[in-house]
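For reference, the structure is listed below as structure tokens.
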Amino acid sequence: MQNWIDAYSWINIRFLLQGLWITILISVISVILSFIIGSVLGIIRYAKIPYLSRIVGFIIDVIRNLPLLLIIFFVYFGLPAFGFKPDTIPAAILAMTVFESMMIAEIIRSGILAVDPGQMEASRAMGMKMSQAMWHIVLPQAYKKMIPALVSQFISLIKDTSLATIIVVPELMQHGQVVYGQDPNYIIPVFVAMAVMYFVVCYALSLLSKFIDRRMA
């Protein structure tokens, strides 16, 4: 019992919370960037633009089938060979943005395909350009259908930030390793604390998703 009390000292808890803040920061920035990039790529793949859509589709399929850990390694250890050496946090954000963008692109494409094709045809018949119909008619309906899938992907991203500890990003998992490195008896208490922190963040996000889904229903 004393080990648990010592492991949960304010200094250790504050250190873990600092790691959680880095985890949330990396996740939020990656989510925003990947949502923007993924939306663009998903629309391009859906639009069937000659050559471009096929190239984008090929890139999406390749990256989606690679382990995120491999992409993190490539960004941090591979890019310096091309003259670009990012710090640990930017490297983690870049790797996760690239990976998540491909996942979101496929969700976006599937969401657009789920919208009745007659919506686009009716919009074009009314004189709207394809871009106008996509922005004002199709995408609002598609995003509504995609909320559960997008939130699930974003929750996965939050949990995947733990992989960034391999390049010593000071996120929650890495801070946890530092704490239980002081004493092997801290391992279980620290893992319990980290599990609670991950659960609170991810569950809060899932509740937000349900709230938005109900409001938009």
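If you're wondering about the labels, chains in the structure tokens are A, B, ... by order shown, residues count from 1 in each chain, ligands from 1 in order shown.
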Write out as a PyMOL selection string the set of residues from segment 10-96 of chain A that DSSP, computed on the backbone, places in alpha helix (DSSP H).
chain A and resi 10-47+52-64+68-73+88-96
Hey, what's within 8 Å of segment 60-71 of chain A if we count only C-alpha atoms and toss same-chain stuff fewer than 5 positions away? As JSON, numbers by chain, please?
{"A": [95, 96, 99, 102, 103, 105, 106, 163, 164]}
Take the selection from the previous step and output its residues with N, CA, C and O atoms, as an mmCIF file, in the first residue's frame.
```
data_model
loop_
_atom_site.group_PDB
_atom_site.id
_atom_site.type_symbol
_atom_site.label_atom_id
_atom_site.label_comp_id
_atom_site.auth_asym_id
_atom_site.auth_seq_id
_atom_site.Cartn_x
_atom_site.Cartn_y
_atom_site.Cartn_z
ATOM 1 N N ALA A 95 4.271 12.549 -38.421
ATOM 2 C CA ALA A 95 4.015 11.135 -38.691
ATOM 3 C C ALA A 95 2.538 10.796 -38.486
ATOM 4 O O ALA A 95 1.919 10.113 -39.321
ATOM 5 N N MET A 96 1.964 11.283 -37.405
ATOM 6 C CA MET A 96 0.565 10.965 -37.126
ATOM 7 C C MET A 96 -0.382 11.680 -38.074
ATOM 8 O O MET A 96 -1.435 11.152 -38.434
ATOM 9 N N PHE A 99 -0.284 9.625 -41.338
ATOM 10 C CA PHE A 99 -1.006 8.353 -41.186
ATOM 11 C C PHE A 99 -2.513 8.573 -41.062
ATOM 12 O O PHE A 99 -3.318 7.926 -41.763
ATOM 13 N N MET A 102 -4.584 9.646 -44.229
ATOM 14 C CA MET A 102 -4.965 8.576 -45.140
ATOM 15 C C MET A 102 -6.195 7.830 -44.635
ATOM 16 O O MET A 102 -7.081 7.446 -45.405
ATOM 17 N N MET A 103 -6.242 7.616 -43.321
ATOM 18 C CA MET A 103 -7.407 6.949 -42.734
ATOM 19 C C MET A 103 -8.662 7.805 -42.897
ATOM 20 O O MET A 103 -9.730 7.321 -43.287
ATOM 21 N N ALA A 105 -9.155 10.181 -45.069
ATOM 22 C CA ALA A 105 -9.497 10.314 -46.490
ATOM 23 C C ALA A 105 -10.451 9.206 -46.928
ATOM 24 O O ALA A 105 -11.417 9.444 -47.667
ATOM 25 N N GLU A 106 -10.201 7.999 -46.450
ATOM 26 C CA GLU A 106 -11.067 6.879 -46.812
ATOM 27 C C GLU A 106 -12.426 6.995 -46.138
ATOM 28 O O GLU A 106 -13.454 6.643 -46.723
ATOM 29 N N LEU A 163 2.873 5.504 -29.023
ATOM 30 C CA LEU A 163 3.961 4.968 -29.844
ATOM 31 C C LEU A 163 5.106 5.968 -29.981
ATOM 32 O O LEU A 163 6.241 5.582 -30.263
ATOM 33 N N ALA A 164 4.790 7.253 -29.790
ATOM 34 C CA ALA A 164 5.816 8.288 -29.942
ATOM 35 C C ALA A 164 6.872 8.221 -28.851
ATOM 36 O O ALA A 164 7.916 8.857 -28.955
#
```
Spatial neighbours of segment 201-215 of chain A, max dist 7 Å, only C-alpha atoms, sep filter under 4 positions, as a short mmCIF file (atom, residue, chain, number, x, y, z; two decimals) with N, CA, C and O atoms, in the first residue's frame:
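In the end it all went to around30.cif:
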```
data_model
loop_
_atom_site.label_atom_id
_atom_site.label_comp_id
_atom_site.auth_asym_id
_atom_site.auth_seq_id
_atom_site.Cartn_x
_atom_site.Cartn_y
_atom_site.Cartn_z
N ILE A 147 -19.66 11.17 -38.42
CA ILE A 147 -19.27 11.54 -37.05
C ILE A 147 -18.78 10.34 -36.23
O ILE A 147 -17.70 10.39 -35.64
N PRO A 148 -19.53 9.23 -36.17
CA PRO A 148 -19.05 8.10 -35.34
C PRO A 148 -17.70 7.56 -35.81
O PRO A 148 -16.81 7.29 -34.98
N VAL A 151 -14.85 10.19 -35.00
CA VAL A 151 -14.53 10.23 -33.58
C VAL A 151 -13.76 8.98 -33.17
O VAL A 151 -12.80 9.04 -32.40
N ILE A 155 -10.11 8.97 -31.51
CA ILE A 155 -9.80 8.29 -30.26
C ILE A 155 -8.60 7.36 -30.45
O ILE A 155 -7.71 7.27 -29.59
N MET A 197 -6.20 8.10 -17.03
CA MET A 197 -6.08 9.34 -17.80
C MET A 197 -6.49 9.14 -19.25
O MET A 197 -7.24 9.95 -19.82
#
```
For Val28 of chain A, find every residue with an atom within 10 Å (counting only C-alpha atoms), except residues of its own chain fewer than 4 positions away, and show them as a tab-separated table (two decimals) with N, CA and C atoms, in the first residue's frame.
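Wrote out.tsv, looks like this:
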```tsv
chain	number	residue	atom	x	y	z
A	22	ILE	N	0.99	17.02	-23.19
A	22	ILE	CA	1.70	16.86	-24.46
A	22	ILE	C	0.95	15.89	-25.37
A	23	THR	N	0.41	14.82	-24.78
A	23	THR	CA	-0.39	13.86	-25.55
A	23	THR	C	-1.59	14.55	-26.20
A	24	ILE	N	-2.30	15.36	-25.43
A	24	ILE	CA	-3.47	16.07	-25.95
A	24	ILE	C	-3.06	17.08	-27.00
A	32	ILE	N	-6.54	18.18	-36.31
A	32	ILE	CA	-6.91	19.32	-37.16
A	32	ILE	C	-6.26	19.21	-38.54
A	33	LEU	N	-4.95	18.94	-38.55
A	33	LEU	CA	-4.24	18.85	-39.83
A	33	LEU	C	-4.71	17.66	-40.65
A	34	SER	N	-4.88	16.51	-40.00
A	34	SER	CA	-5.28	15.31	-40.73
A	34	SER	C	-6.71	15.42	-41.24
A	93	ILE	N	4.02	14.70	-34.60
A	93	ILE	CA	2.85	15.33	-35.22
A	93	ILE	C	2.82	15.06	-36.72
A	154	PHE	N	-10.28	9.43	-34.25
A	154	PHE	CA	-9.58	10.41	-33.42
A	154	PHE	C	-9.22	9.81	-32.05
A	157	LEU	N	-6.24	7.81	-32.52
A	157	LEU	CA	-5.06	8.67	-32.62
A	157	LEU	C	-4.53	9.03	-31.24
A	158	ILE	N	-5.43	9.35	-30.31
A	158	ILE	CA	-4.99	9.70	-28.95
A	158	ILE	C	-4.23	8.54	-28.33
```
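Closest approach to Leu113 of chain A among A:Val178, A:Met1, A:Ala47, A:Val98 is made by A:Ala47 (distances from only C-alpha atoms).
Nearest residue to Ala193 of chain A, choosing from A:Gln2, A:Ser123, A:Gln174, A:Leu17 and counting only C-alpha atoms: A:Leu17.
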Can you pull out the residues contacting segment 169-173 of chain A? Cut-off 9 Å, using only C-alpha atoms, and skip same-chain residues under 3 positions away; I want them as a list in words.
Phe15, Leu16, Leu17, Gln18, Gly19, Leu20, Trp21, Ile22, Thr23, Ile24, Ile26, Thr88, Ile89, Ala92, Thr161, Ser162, Leu163, Ala164, Thr165, Ile166, Gly176, Gln177, Val178, Phe191, Met194, Met197 and Tyr198 of chain A
Would you mind exporting the chosen residues as an mmCIF file, in the first residue's frame, restricted to C-alpha atoms?
```cif
data_model
loop_
_atom_site.group_PDB
_atom_site.id
_atom_site.type_symbol
_atom_site.label_atom_id
_atom_site.label_comp_id
_atom_site.auth_asym_id
_atom_site.auth_seq_id
_atom_site.Cartn_x
_atom_site.Cartn_y
_atom_site.Cartn_z
ATOM 1 C CA PHE A 15 4.648 14.924 -14.024
ATOM 2 C CA LEU A 16 2.133 12.491 -15.516
ATOM 3 C CA LEU A 17 -0.337 15.328 -16.133
ATOM 4 C CA GLN A 18 2.394 17.241 -17.969
ATOM 5 C CA GLY A 19 2.825 14.188 -20.188
ATOM 6 C CA LEU A 20 -0.947 14.011 -20.692
ATOM 7 C CA TRP A 21 -0.928 17.659 -21.805
ATOM 8 C CA ILE A 22 1.703 16.856 -24.462
ATOM 9 C CA THR A 23 -0.387 13.864 -25.554
ATOM 10 C CA ILE A 24 -3.473 16.066 -25.947
ATOM 11 C CA ILE A 26 -0.032 16.349 -30.252
ATOM 12 C CA THR A 88 10.684 14.846 -31.451
ATOM 13 C CA ILE A 89 7.290 16.553 -31.026
ATOM 14 C CA ALA A 92 5.412 12.806 -33.963
ATOM 15 C CA THR A 161 0.425 8.826 -29.370
ATOM 16 C CA SER A 162 1.903 6.305 -26.930
ATOM 17 C CA LEU A 163 3.961 4.968 -29.844
ATOM 18 C CA ALA A 164 5.816 8.288 -29.942
ATOM 19 C CA THR A 165 7.615 7.287 -26.766
ATOM 20 C CA ILE A 166 9.940 5.270 -29.019
ATOM 21 C CA GLY A 176 5.141 7.139 -16.991
ATOM 22 C CA GLN A 177 8.339 5.261 -17.821
ATOM 23 C CA VAL A 178 10.347 7.956 -16.062
ATOM 24 C CA PHE A 191 0.020 2.021 -15.340
ATOM 25 C CA MET A 194 -2.129 6.272 -17.083
ATOM 26 C CA MET A 197 -6.083 9.345 -17.798
ATOM 27 C CA TYR A 198 -6.413 7.760 -21.252
#
```
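Atom CA of Pro86 of chain A sits 15.8 Å away from atom CA of Ile29 of chain A.
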Write out as a PyMOL selection string the residues lying within 12 Å of Lys85 of chain A, counting only C-alpha atoms and excluding same-chain residues fewer than 6 positions away.
chain A and resi 74-79+91+94
